[in-house]
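Participant: Just dropping this structure here.
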Amino acid sequence: MNAVKLLNDHHRAIQVKSPMSFRHVAGKTVFLAGTIDEGKSIDWQAFLVSQLDDLEVVILNPRREVWDSSRGVETTYLKEQVDWELDALEKANYIFMYFAPNSYAPISLLELGLYAKSGKLIVVCPEGYWKKGNVDIVAKKFAIPLFDDISIGVKHLRSLICQI
């Protein structure tokens with residue numbers, strides 16, 4: 001199955017959602033890290049995709065259409081998801097990370113630590129995120145662009161993508 005799907009004929013952005021393959025994708029890529037809460041959180045990823053749909057960029061989105069949490073942690077299903085995310089993080093030119101207020105996002109904290117020194121991160125962490133202090137300290141220590149508002153974070157990401 002070909003995972004690469006144009007959002008529509010008038011836009012250039014391509015979105016690849018887990019678990020679809022992105023091995024043959026070329027060009028600038030953005031991985032969407034952050035709050036998902038097994039699909040229960042707001043779909044901030046859809047907002048971000050809509051804000052980038054006029055750019056030549058591939059968006060690697062780990063948010064599945066349906067997440068089956070009943071499958072447990074010791075499954076091929078989970079392994080497929082984790083492997084997809086790790087490969088996508090590695091491939092991405094940019095990692096846009098959003099920590100939603102009143103969420104936990106423990107995997108995103110792990111990813112923040114894994115990629116703190118990479119130069120790929122753009123982090124949005126508004127008031128109300130339970131570990132905001134930790135995120136702020138890590139961002140400052142590693143000179144990670146940090147924003148309180150997702151719209152301002154998106155503007156920063158757009159400027160990076162548009163650089164020649």
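Chain labels follow the order of the structure tokens: the first chain is A, the next B, and so on; residue numbering restarts at 1 in every chain, and ligands are counted from 1 in their shown order.
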Can you check which parts of segment 15-101 of chain A lie within 12 Å of segment 132-135 of chain A? Per residue, the shortest pair of atoms and distance in Å to one decimal, counting only C-alpha atoms, sorted by chain and number, as JSON lines.
Facilitator:
{"residue": "A:Met97", "atom": "CA", "partner": "A:Val135", "partner_atom": "CA", "distance": 10.8}
{"residue": "A:Tyr98", "atom": "CA", "partner": "A:Val135", "partner_atom": "CA", "distance": 10.8}
{"residue": "A:Phe99", "atom": "CA", "partner": "A:Lys132", "partner_atom": "CA", "distance": 8.4}
{"residue": "A:Ala100", "atom": "CA", "partner": "A:Lys132", "partner_atom": "CA", "distance": 10.0}
{"residue": "A:Pro101", "atom": "CA", "partner": "A:Lys132", "partner_atom": "CA", "distance": 9.1}
Participant: Atom CA of Leu55 of chain A and atom CA of Leu160 of chain A are how many Å apart?
Facilitator: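 The value is 11.2 Å.
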Participant: Kindly give the distance, in Å, that separates atom CA of Lys79 of chain A and atom CA of Glu38 of chain A, rounded to a single decimal.
Facilitator: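 Spanning atom CA of Lys79 of chain A to atom CA of Glu38 of chain A is a straight-line distance of 15.0 Å.
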Participant: Between A:Pro62, A:Ile144, A:Ala92, A:Thr75, which one has atoms that come closest to Leu112 of chain A, using only C-alpha atoms?
Facilitator: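 Nearest candidate to Leu112 of chain A out of A:Pro62, A:Ile144, A:Ala92, A:Thr75: A:Ile144.
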Participant: Which residues are near segment 43-50 of chain A? Cut-off 8 Å, only C-alpha atoms, ignore same chain within fewer than 5 positions. Put them as a PyMOL selection string.
Facilitator: chain A and resi 15+32+36+59+61+63+154
Participant: Just list the residues in segment 83-148 of chain A DSSP gives strand (DSSP E) on the backbone, as JSON, numbers by chain.
Facilitator: {"A": [94, 95, 96, 97, 98, 121, 122, 123, 124, 146, 147]}
Participant: To test your reading of the structure, identify every residue in segment 1-162 of chain A that backbone DSSP assigns to alpha helix (DSSP H), and report it as a ChimeraX atom specification.
Facilitator: /A:44-52,76-91,106-115,132-141,150-162
Participant: Closest to Asp149 of chain A among A:Cys162, A:Val123, A:Ile95, A:Ile14, using only C-alpha atoms?
Facilitator: A:Val123
Participant: Quick one: residues within 8 Å of Lys28 of chain A, only C-alpha atoms counted, chain neighbours fewer than 2 positions away excluded, as a list in words?
Facilitator: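 Near neighbours after the sequence-gap exclusion: Ala26, Val30, Glu56, Val57, Val58, Ala92, Asn93 and Ile161 of chain A.
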Participant: Given the choices A:Glu80, A:Asp87, A:Asp53, A:Glu111, which gets closest to Pro19 of chain A if the distance is worked out from only C-alpha atoms?
Facilitator: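 Looking at the shortest contact to Pro19 of chain A, the residue is A:Glu80.
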Participant: Which is closest to Gly34 of chain A among A:Ile137, A:Leu110, A:Val82, A:Val16, if we use only C-alpha atoms?
Facilitator: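 Checking each candidate against Gly34 of chain A, we get A:Leu110 as the closest.
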Participant: Go ahead and compute the interatomic distance for atom CA of Leu146 of chain A and atom CA of Asp54 of chain A, in Å to one decimal.
Facilitator: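 Interatomic distance, atom CA of Leu146 of chain A to atom CA of Asp54 of chain A: 23.8 Å.
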Participant: Which residue is closest to Arg23 of chain A? Choose from A:Tyr129, A:Trp84, A:Tyr77, A:Tyr104 and count only C-alpha atoms.
Facilitator: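 Checking each of A:Tyr129, A:Trp84, A:Tyr77, A:Tyr104 against Arg23 of chain A, counting only C-alpha atoms, the winner is A:Trp84.
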